[in-house]
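Following: one structure in structure tokens, then a few remarks.
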Amino acid sequence: AERLAETLRGAGAHPRIFSGTVPDPTTDSLAPGIQALHEHTADSVIGFGGGSPMDTAKALALLGVQGGHMRDYKAPRVNLGPALPVIAVPTTAGSGSEATQFTIVTDSASDEKMLCSGPAFLPLAAVVDVELTMSMPPRLTADTGVDALTHAVEAYVSRKANPFADSLALTAITTIGRHLRRAYADGGDGPAREAMMLAATQAGIAFSNSSVALVHGMSRPIGAHFHVAHGLSNAMLFPAVTAFSVPAAPARYADCARALGAATAEDDDARAADRLVQALRDLCTDLEVPTPAAHGIDKDAWTRLTPLMAEQALASGSPANNPRVPTAEEIESLYARIYA
């Protein structure tokens, strides 16, 4: 960030660094950012880092102009602005936030991980440079990579899917299938890193123009209540939620399987879709994705919070985009199934 600020000063700009971002930004964490933004009379915001700093930048850009509380802007509200322009500079290959009209902020009072959407959150520009991802450790590489894969698959199977998003989603799925394990095994594999960086941005554009679905709807409450990294909570859910959803859209999931390399053109849709579920299980095994139990989450706390998490998942609106729209009871059952 200091080097970026120095470069901007050299170009005649007058930057101020705000380094108070936190993993999975909260409403409390935004307060000092708003203060810094007003003190500096900022005319734009640069989000430098992973999904959390970019989401923080988007939130500050809106609140800095419109004021109020972040809960005022959560889904289903569509936010049109005004907001300060945001320039996103991702340093991970996963969130796709540099190319989306979404931001995620946790309400500090209720522990609700709020989905906020609309063109007001779409960055004006993104600087996507693979060199910024070369130092990512294996766990972060895996978690952000699965996040990107989830974006692409959910964008393709979503009830809001469309031909523009489809093409980007399938391309991203193919690229991630070929390169994620390589990047995880060898962080210095430049071609794999470059491929993952491109795929993450393509997947971000895809789901910003389509939507995410049940995996993300269920993932956000896990992150909010148990402080699990977003990509990791996605990975915990991905195989089980896909198995639940496949019967409602076997042809769409089959396309994903073929793009991933888990099935061929000779496989019929039912067989290909089943192979996708197994391929996701195998990927999570290879990337050493733990269950919530293995991650150290207390079973009693998980069980106690499951009804609230199901309620918050549904309230986000993402499950309604799923090929198979779940009931609260079905979401609770899925949470119980993935625990161990």
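Identifiers for the structure tokens are assigned positionally: chains receive A, B, ... in sequence, residues are indexed from 1 per chain, and ligands are indexed from 1 in the order shown.
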Shell of 9 Å around His151 (chain A), only C-alpha atoms, local chain residues under 6 positions omitted, as a compact mmCIF listing (two decimals) with C-alpha atoms, in the first residue's frame:
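Output contents, as saved in selection07.txt:
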```txt
# COMPACT_ATOMS: atom_id res chain seq x y z
CA GLY A 94 -10.91 -15.54 -5.88
CA SER A 95 -13.45 -12.99 -4.68
CA GLY A 96 -13.98 -11.31 -8.04
CA ALA A 169 -18.73 -18.89 -16.26
CA ALA A 200 -11.41 -15.21 -10.81
CA ALA A 203 -16.19 -15.55 -12.61
CA GLY A 204 -16.78 -12.23 -10.85
CA ALA A 206 -20.31 -13.79 -14.53
CA PHE A 207 -22.00 -13.80 -11.16
CA SER A 211 -26.17 -14.27 -9.36
CA VAL A 212 -24.83 -16.63 -6.78
CA ALA A 213 -27.14 -19.15 -5.15
CA HIS A 216 -23.22 -18.46 -0.91
```
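The protein and nucleic acid residues lying at most 10 Å from Met114 (chain A) are Thr26, Thr27, Met70, Arg71, Tyr73, Lys74, Ala75, Thr103, Ile104, Val105, Thr106, Asp107, Arg220, Pro221, Ala224, Gln312, Ala313, Ala315 and Ser316 of chain A, with only C-alpha atoms considered and sequence neighbours fewer than 4 positions away removed.
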Those same residues - C-alpha atoms - I'd like them written as an mmCIF file, in the first residue's frame.
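The file below, selection-v4.cif, is the result:
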```
data_model
loop_
_atom_site.group_PDB
_atom_site.id
_atom_site.type_symbol
_atom_site.label_atom_id
_atom_site.label_comp_id
_atom_site.auth_asym_id
_atom_site.auth_seq_id
_atom_site.Cartn_x
_atom_site.Cartn_y
_atom_site.Cartn_z
ATOM 1 C CA THR A 26 -18.139 -5.299 9.902
ATOM 2 C CA THR A 27 -20.212 -2.185 10.417
ATOM 3 C CA MET A 70 -24.983 -0.230 6.081
ATOM 4 C CA ARG A 71 -28.131 -2.144 7.065
ATOM 5 C CA TYR A 73 -28.550 -0.684 1.960
ATOM 6 C CA LYS A 74 -28.822 -4.475 2.291
ATOM 7 C CA ALA A 75 -30.724 -6.766 -0.089
ATOM 8 C CA THR A 103 -20.385 -5.887 -1.232
ATOM 9 C CA ILE A 104 -20.662 -7.983 1.932
ATOM 10 C CA VAL A 105 -20.607 -6.392 5.383
ATOM 11 C CA THR A 106 -21.435 -8.021 8.728
ATOM 12 C CA ASP A 107 -23.800 -6.153 11.049
ATOM 13 C CA ARG A 220 -22.244 -16.099 4.700
ATOM 14 C CA PRO A 221 -23.813 -17.018 8.085
ATOM 15 C CA ALA A 224 -20.398 -14.286 10.348
ATOM 16 C CA GLN A 312 -30.287 -15.445 7.516
ATOM 17 C CA ALA A 313 -29.402 -17.513 4.451
ATOM 18 C CA ALA A 315 -33.195 -13.547 3.977
ATOM 19 C CA SER A 316 -30.155 -12.820 1.788
#
```
Spatial neighbours of Pro137 (chain A), max dist 9 Å, only C-alpha atoms, sep filter under 3 positions, as number ranges by chain:
A: 134, 140-142, 184, 187
Can I get the selection written as a compact mmCIF listing (two decimals), in the first residue's frame, with all heavy atoms?
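Saved as out.txt:
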```txt
# COMPACT_ATOMS: atom_id res chain seq x y z
N MET A 134 1.37 -13.59 -6.21
CA MET A 134 2.41 -14.62 -6.20
C MET A 134 2.81 -15.06 -4.79
O MET A 134 3.33 -16.15 -4.60
CB MET A 134 3.65 -14.14 -6.95
CG MET A 134 3.42 -13.92 -8.45
SD MET A 134 2.89 -15.40 -9.34
CE MET A 134 4.37 -16.39 -9.26
N LEU A 140 -4.74 -19.95 1.45
CA LEU A 140 -5.44 -18.83 0.82
C LEU A 140 -5.65 -19.10 -0.66
O LEU A 140 -6.71 -18.77 -1.22
CB LEU A 140 -4.66 -17.54 1.03
CG LEU A 140 -5.32 -16.26 0.53
CD1 LEU A 140 -6.66 -16.02 1.22
CD2 LEU A 140 -4.38 -15.06 0.73
N THR A 141 -4.66 -19.70 -1.31
CA THR A 141 -4.79 -20.06 -2.72
C THR A 141 -5.98 -21.00 -2.91
O THR A 141 -6.80 -20.82 -3.83
CB THR A 141 -3.51 -20.74 -3.22
OG1 THR A 141 -2.42 -19.82 -3.11
CG2 THR A 141 -3.65 -21.19 -4.66
N ALA A 142 -6.08 -22.01 -2.06
CA ALA A 142 -7.17 -22.98 -2.16
C ALA A 142 -8.52 -22.33 -1.90
O ALA A 142 -9.48 -22.51 -2.67
CB ALA A 142 -6.93 -24.13 -1.18
N TYR A 184 -2.03 -24.37 -6.06
CA TYR A 184 -2.01 -24.80 -4.65
C TYR A 184 -0.72 -25.55 -4.34
O TYR A 184 -0.10 -25.34 -3.29
CB TYR A 184 -3.23 -25.68 -4.39
CG TYR A 184 -3.31 -26.27 -3.00
CD1 TYR A 184 -3.53 -25.47 -1.88
CD2 TYR A 184 -3.17 -27.65 -2.80
CE1 TYR A 184 -3.63 -26.01 -0.61
CE2 TYR A 184 -3.26 -28.21 -1.53
CZ TYR A 184 -3.48 -27.39 -0.44
OH TYR A 184 -3.58 -27.93 0.82
N GLY A 187 3.15 -22.40 -5.42
CA GLY A 187 2.77 -20.99 -5.49
C GLY A 187 3.60 -20.19 -6.46
O GLY A 187 3.20 -19.09 -6.87
```
Quick check for you: according to DSSP on this backbone, which residues of region 64-308 of chain A are classed as alpha helix (DSSP H)? Reply as a ChimeraX atom specification.
/A:64-66,138-157,163-185,190-209,214-226,230-245,250-260,269-286,299-308
Would you export the selected residues with C-alpha atoms as a short mmCIF file (atom, residue, chain, number, x, y, z; two decimals), in the first residue's frame, please?
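And here's result.cif as it stands now:
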```cif
data_model
loop_
_atom_site.label_atom_id
_atom_site.label_comp_id
_atom_site.auth_asym_id
_atom_site.auth_seq_id
_atom_site.Cartn_x
_atom_site.Cartn_y
_atom_site.Cartn_z
CA GLY A 64 -19.20 8.55 2.41
CA VAL A 65 -21.70 10.18 0.06
CA GLN A 66 -25.10 8.97 1.30
CA PRO A 138 -1.44 -22.52 -0.09
CA ARG A 139 -4.50 -22.25 2.20
CA LEU A 140 -5.44 -18.83 0.82
CA THR A 141 -4.79 -20.06 -2.72
CA ALA A 142 -7.17 -22.98 -2.16
CA ASP A 143 -9.90 -21.01 -0.41
CA THR A 144 -9.99 -18.14 -2.90
CA GLY A 145 -9.74 -20.56 -5.82
CA VAL A 146 -12.75 -22.55 -4.63
CA ASP A 147 -14.58 -19.26 -4.09
CA ALA A 148 -13.99 -18.41 -7.76
CA LEU A 149 -15.15 -21.86 -8.86
CA THR A 150 -18.29 -21.49 -6.76
CA HIS A 151 -18.99 -18.12 -8.37
CA ALA A 152 -18.69 -19.63 -11.83
CA VAL A 153 -20.81 -22.73 -11.19
CA GLU A 154 -23.53 -20.83 -9.32
CA ALA A 155 -23.66 -18.13 -12.00
CA TYR A 156 -24.23 -20.85 -14.61
CA VAL A 157 -26.92 -22.83 -12.76
CA PRO A 163 -25.94 -16.15 -22.27
CA PHE A 164 -23.49 -13.34 -21.44
CA ALA A 165 -22.71 -14.71 -17.98
CA ASP A 166 -22.79 -18.32 -19.21
CA SER A 167 -19.84 -17.92 -21.55
CA LEU A 168 -17.65 -16.36 -18.88
CA ALA A 169 -18.73 -18.89 -16.26
CA LEU A 170 -17.89 -21.94 -18.38
CA THR A 171 -14.54 -20.49 -19.42
CA ALA A 172 -13.67 -19.80 -15.78
CA ILE A 173 -14.70 -23.32 -14.74
CA THR A 174 -12.41 -24.85 -17.36
CA THR A 175 -9.50 -22.64 -16.39
CA ILE A 176 -9.87 -23.30 -12.67
CA GLY A 177 -10.18 -27.04 -13.25
CA ARG A 178 -6.85 -27.04 -15.07
CA HIS A 179 -4.89 -24.71 -12.80
CA LEU A 180 -6.15 -24.57 -9.19
CA ARG A 181 -4.36 -27.71 -8.01
CA ARG A 182 -1.17 -26.51 -9.71
CA ALA A 183 -1.29 -23.11 -7.99
CA TYR A 184 -2.01 -24.80 -4.65
CA ALA A 185 0.90 -27.22 -5.02
CA GLY A 190 3.45 -18.30 -12.80
CA PRO A 191 1.23 -19.61 -15.62
CA ALA A 192 -1.11 -21.26 -13.10
CA ARG A 193 -1.27 -18.07 -11.03
CA GLU A 194 -2.01 -16.00 -14.13
CA ALA A 195 -4.75 -18.39 -15.24
CA MET A 196 -6.38 -18.33 -11.79
CA MET A 197 -6.26 -14.52 -11.67
CA LEU A 198 -8.01 -14.26 -15.03
CA ALA A 199 -10.57 -16.92 -14.11
CA ALA A 200 -11.41 -15.21 -10.81
CA THR A 201 -12.18 -11.94 -12.59
CA GLN A 202 -14.20 -13.72 -15.29
CA ALA A 203 -16.19 -15.55 -12.61
CA GLY A 204 -16.78 -12.23 -10.85
CA ILE A 205 -18.18 -10.67 -14.02
CA ALA A 206 -20.31 -13.79 -14.53
CA PHE A 207 -22.00 -13.80 -11.16
CA SER A 208 -22.34 -10.02 -11.10
CA ASN A 209 -24.43 -10.35 -14.26
CA LEU A 214 -27.49 -21.55 -2.22
CA VAL A 215 -23.80 -22.17 -1.48
CA HIS A 216 -23.22 -18.46 -0.91
CA GLY A 217 -26.50 -18.02 0.93
CA MET A 218 -25.46 -20.69 3.44
CA SER A 219 -21.80 -19.67 3.50
CA ARG A 220 -22.24 -16.10 4.70
CA PRO A 221 -23.81 -17.02 8.08
CA ILE A 222 -21.01 -19.52 8.75
CA GLY A 223 -18.49 -16.75 8.19
CA ALA A 224 -20.40 -14.29 10.35
CA HIS A 225 -20.97 -16.55 13.36
CA PHE A 226 -17.84 -18.71 13.31
CA HIS A 230 -15.47 -17.06 3.01
CA GLY A 231 -13.85 -19.32 0.43
CA LEU A 232 -13.32 -22.03 3.02
CA SER A 233 -16.96 -21.99 4.14
CA ASN A 234 -17.97 -22.20 0.48
CA ALA A 235 -15.72 -25.23 0.06
CA MET A 236 -17.23 -26.91 3.12
CA LEU A 237 -20.68 -26.58 1.55
CA PHE A 238 -19.99 -26.97 -2.16
CA PRO A 239 -20.25 -30.77 -2.68
CA ALA A 240 -23.30 -31.31 -0.44
CA VAL A 241 -25.22 -28.31 -1.77
CA THR A 242 -24.45 -29.33 -5.35
CA ALA A 243 -25.71 -32.87 -4.67
CA PHE A 244 -28.90 -31.36 -3.22
CA SER A 245 -29.39 -29.07 -6.24
CA PRO A 250 -29.07 -31.79 -14.40
CA ALA A 251 -28.29 -30.38 -17.85
CA ARG A 252 -26.78 -27.19 -16.44
CA TYR A 253 -24.69 -29.06 -13.89
CA ALA A 254 -23.64 -31.49 -16.62
CA ASP A 255 -22.29 -28.57 -18.66
CA CYS A 256 -20.28 -27.52 -15.61
CA ALA A 257 -18.92 -31.06 -15.23
CA ARG A 258 -17.76 -31.15 -18.83
CA ALA A 259 -16.17 -27.71 -18.54
CA LEU A 260 -14.37 -28.81 -15.38
CA ASP A 269 -26.48 -35.36 -18.35
CA ALA A 270 -27.38 -37.42 -15.29
CA ARG A 271 -24.04 -39.22 -15.26
CA ALA A 272 -22.11 -36.02 -15.95
CA ALA A 273 -23.88 -34.16 -13.13
CA ASP A 274 -23.11 -36.98 -10.71
CA ARG A 275 -19.49 -36.83 -11.78
CA LEU A 276 -19.44 -33.12 -10.97
CA VAL A 277 -20.46 -33.84 -7.37
CA GLN A 278 -17.69 -36.44 -7.05
CA ALA A 279 -15.18 -34.12 -8.69
CA LEU A 280 -15.97 -31.42 -6.13
CA ARG A 281 -15.52 -33.92 -3.31
CA ASP A 282 -12.17 -34.96 -4.78
CA LEU A 283 -11.08 -31.34 -5.21
CA CYS A 284 -11.91 -30.52 -1.59
CA THR A 285 -9.94 -33.58 -0.48
CA ASP A 286 -6.94 -32.58 -2.57
CA LYS A 299 -21.05 -28.86 17.69
CA ASP A 300 -23.44 -27.46 20.30
CA ALA A 301 -22.89 -23.91 19.03
CA TRP A 302 -23.37 -25.08 15.44
CA THR A 303 -26.62 -26.86 16.30
CA ARG A 304 -27.91 -23.96 18.37
CA LEU A 305 -27.23 -21.41 15.62
CA THR A 306 -28.43 -23.56 12.71
CA PRO A 307 -32.03 -22.20 12.71
CA LEU A 308 -30.74 -18.60 12.77
#
```
Go through region 9-257 of chain A and collect every residue that DSSP, computed from the backbone, puts in strand (DSSP E); the answer should be as a list in words.
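Residues meeting the strand (DSSP E) criterion: Val45, Ile46, Gly47, Phe48, Gly49, Val86, Ile87, Ala88, Val89, Pro90, Phe102, Thr103, Ile104, Val105, Thr106, Asp107, Glu112, Lys113, Met114, Leu115, Cys116, Ser117, Ala125 and Ala126 of chain A.
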Residues as selected, N, CA, C and O atoms, written as a short mmCIF file (atom, residue, chain, number, x, y, z; two decimals), in the first residue's frame, can you do that?
```
data_model
loop_
_atom_site.label_atom_id
_atom_site.label_comp_id
_atom_site.auth_asym_id
_atom_site.auth_seq_id
_atom_site.Cartn_x
_atom_site.Cartn_y
_atom_site.Cartn_z
N VAL A 45 -11.98 6.19 -3.98
CA VAL A 45 -11.48 5.20 -3.02
C VAL A 45 -10.81 4.07 -3.80
O VAL A 45 -11.36 3.57 -4.78
N ILE A 46 -9.62 3.67 -3.34
CA ILE A 46 -8.91 2.54 -3.93
C ILE A 46 -9.00 1.37 -2.95
O ILE A 46 -8.63 1.51 -1.78
N GLY A 47 -9.51 0.24 -3.41
CA GLY A 47 -9.55 -0.96 -2.60
C GLY A 47 -8.40 -1.86 -3.00
O GLY A 47 -8.39 -2.40 -4.11
N PHE A 48 -7.41 -2.02 -2.10
CA PHE A 48 -6.19 -2.77 -2.41
C PHE A 48 -6.12 -3.98 -1.48
O PHE A 48 -6.02 -3.82 -0.26
N GLY A 49 -6.22 -5.19 -2.03
CA GLY A 49 -6.15 -6.39 -1.20
C GLY A 49 -7.10 -7.45 -1.72
O GLY A 49 -7.45 -7.48 -2.90
N VAL A 86 -14.76 3.90 -7.27
CA VAL A 86 -13.87 2.93 -6.64
C VAL A 86 -12.94 2.34 -7.70
O VAL A 86 -13.38 1.97 -8.78
N ILE A 87 -11.65 2.26 -7.36
CA ILE A 87 -10.68 1.55 -8.18
C ILE A 87 -10.24 0.34 -7.38
O ILE A 87 -9.75 0.48 -6.24
N ALA A 88 -10.45 -0.85 -7.92
CA ALA A 88 -10.16 -2.09 -7.20
C ALA A 88 -8.86 -2.70 -7.69
O ALA A 88 -8.63 -2.82 -8.89
N VAL A 89 -8.02 -3.09 -6.73
CA VAL A 89 -6.72 -3.71 -7.05
C VAL A 89 -6.65 -5.02 -6.26
O VAL A 89 -6.21 -5.03 -5.11
N PRO A 90 -7.08 -6.12 -6.85
CA PRO A 90 -7.10 -7.39 -6.11
C PRO A 90 -5.71 -8.00 -5.94
O PRO A 90 -4.88 -7.95 -6.84
N PHE A 102 -21.58 -6.01 -5.93
CA PHE A 102 -21.95 -6.49 -4.60
C PHE A 102 -20.89 -6.11 -3.59
O PHE A 102 -19.70 -6.02 -3.92
N THR A 103 -21.31 -5.95 -2.35
CA THR A 103 -20.39 -5.89 -1.23
C THR A 103 -21.03 -6.61 -0.06
O THR A 103 -22.26 -6.66 0.06
N ILE A 104 -20.19 -7.20 0.79
CA ILE A 104 -20.66 -7.98 1.93
C ILE A 104 -20.11 -7.36 3.20
O ILE A 104 -18.89 -7.23 3.35
N VAL A 105 -21.01 -7.00 4.11
CA VAL A 105 -20.61 -6.39 5.38
C VAL A 105 -21.41 -7.05 6.50
O VAL A 105 -22.64 -7.21 6.37
N THR A 106 -20.76 -7.41 7.59
CA THR A 106 -21.44 -8.02 8.73
C THR A 106 -21.95 -6.94 9.67
O THR A 106 -21.21 -6.02 10.04
N ASP A 107 -23.20 -7.06 10.06
CA ASP A 107 -23.80 -6.15 11.05
C ASP A 107 -23.23 -6.52 12.42
O ASP A 107 -23.49 -7.61 12.94
N GLU A 112 -25.26 -10.57 11.42
CA GLU A 112 -25.79 -10.91 10.11
C GLU A 112 -24.81 -10.44 9.05
O GLU A 112 -24.41 -9.27 9.02
N LYS A 113 -24.43 -11.35 8.16
CA LYS A 113 -23.54 -11.00 7.06
C LYS A 113 -24.41 -10.51 5.91
O LYS A 113 -25.05 -11.29 5.23
N MET A 114 -24.43 -9.19 5.72
CA MET A 114 -25.40 -8.57 4.82
C MET A 114 -24.88 -8.51 3.39
O MET A 114 -23.76 -8.07 3.14
N LEU A 115 -25.72 -8.94 2.46
CA LEU A 115 -25.45 -8.78 1.04
C LEU A 115 -26.03 -7.44 0.60
O LEU A 115 -27.23 -7.19 0.78
N CYS A 116 -25.18 -6.59 0.05
CA CYS A 116 -25.62 -5.29 -0.45
C CYS A 116 -25.29 -5.24 -1.94
O CYS A 116 -24.17 -5.59 -2.34
N SER A 117 -26.26 -4.81 -2.74
CA SER A 117 -26.07 -4.92 -4.19
C SER A 117 -26.52 -3.67 -4.91
O SER A 117 -27.23 -2.82 -4.37
N ALA A 125 -12.99 1.04 -12.13
CA ALA A 125 -11.88 0.38 -12.84
C ALA A 125 -11.28 -0.67 -11.92
O ALA A 125 -11.41 -0.61 -10.70
N ALA A 126 -10.61 -1.65 -12.54
CA ALA A 126 -9.90 -2.67 -11.79
C ALA A 126 -8.50 -2.84 -12.39
O ALA A 126 -8.35 -2.84 -13.60
#
```
With a distance cut-off of 8 Å and only C-alpha atoms, select the neighbouring residues of Tyr339 (chain A), excluding the residue or stretch itself and same-chain residues fewer than 6 positions from it, and output the selection as number ranges by chain.
A: 291-293, 299
Filtering to all heavy atoms, could you give me those residues as a PDB file, in the first residue's frame?
```
ATOM      1  N   THR A 291     -13.927 -30.287   7.437  1.00  0.00           N
ATOM      2  CA  THR A 291     -15.327 -30.122   7.805  1.00  0.00           C
ATOM      3  C   THR A 291     -15.407 -29.051   8.890  1.00  0.00           C
ATOM      4  O   THR A 291     -14.384 -28.705   9.510  1.00  0.00           O
ATOM      5  CB  THR A 291     -15.908 -31.431   8.364  1.00  0.00           C
ATOM      6  OG1 THR A 291     -15.205 -31.743   9.582  1.00  0.00           O
ATOM      7  CG2 THR A 291     -15.782 -32.570   7.367  1.00  0.00           C
ATOM      8  N   PRO A 292     -16.589 -28.515   9.167  1.00  0.00           N
ATOM      9  CA  PRO A 292     -16.699 -27.585  10.302  1.00  0.00           C
ATOM     10  C   PRO A 292     -16.193 -28.205  11.604  1.00  0.00           C
ATOM     11  O   PRO A 292     -15.547 -27.532  12.408  1.00  0.00           O
ATOM     12  CB  PRO A 292     -18.199 -27.281  10.353  1.00  0.00           C
ATOM     13  CG  PRO A 292     -18.655 -27.442   8.934  1.00  0.00           C
ATOM     14  CD  PRO A 292     -17.849 -28.592   8.397  1.00  0.00           C
ATOM     15  N   ALA A 293     -16.475 -29.502  11.812  1.00  0.00           N
ATOM     16  CA  ALA A 293     -16.004 -30.171  13.030  1.00  0.00           C
ATOM     17  C   ALA A 293     -14.488 -30.200  13.080  1.00  0.00           C
ATOM     18  O   ALA A 293     -13.870 -29.868  14.101  1.00  0.00           O
ATOM     19  CB  ALA A 293     -16.572 -31.582  13.095  1.00  0.00           C
ATOM     20  N   LYS A 299     -19.820 -28.271  18.212  1.00  0.00           N
ATOM     21  CA  LYS A 299     -21.049 -28.863  17.691  1.00  0.00           C
ATOM     22  C   LYS A 299     -22.294 -28.249  18.320  1.00  0.00           C
ATOM     23  O   LYS A 299     -23.289 -27.979  17.630  1.00  0.00           O
ATOM     24  CB  LYS A 299     -21.053 -30.376  17.904  1.00  0.00           C
ATOM     25  CG  LYS A 299     -22.263 -31.064  17.289  1.00  0.00           C
ATOM     26  CD  LYS A 299     -22.194 -32.576  17.412  1.00  0.00           C
ATOM     27  CE  LYS A 299     -23.394 -33.232  16.725  1.00  0.00           C
ATOM     28  NZ  LYS A 299     -23.339 -34.716  16.821  1.00  0.00           N
TER      29      LYS A 299
END
```
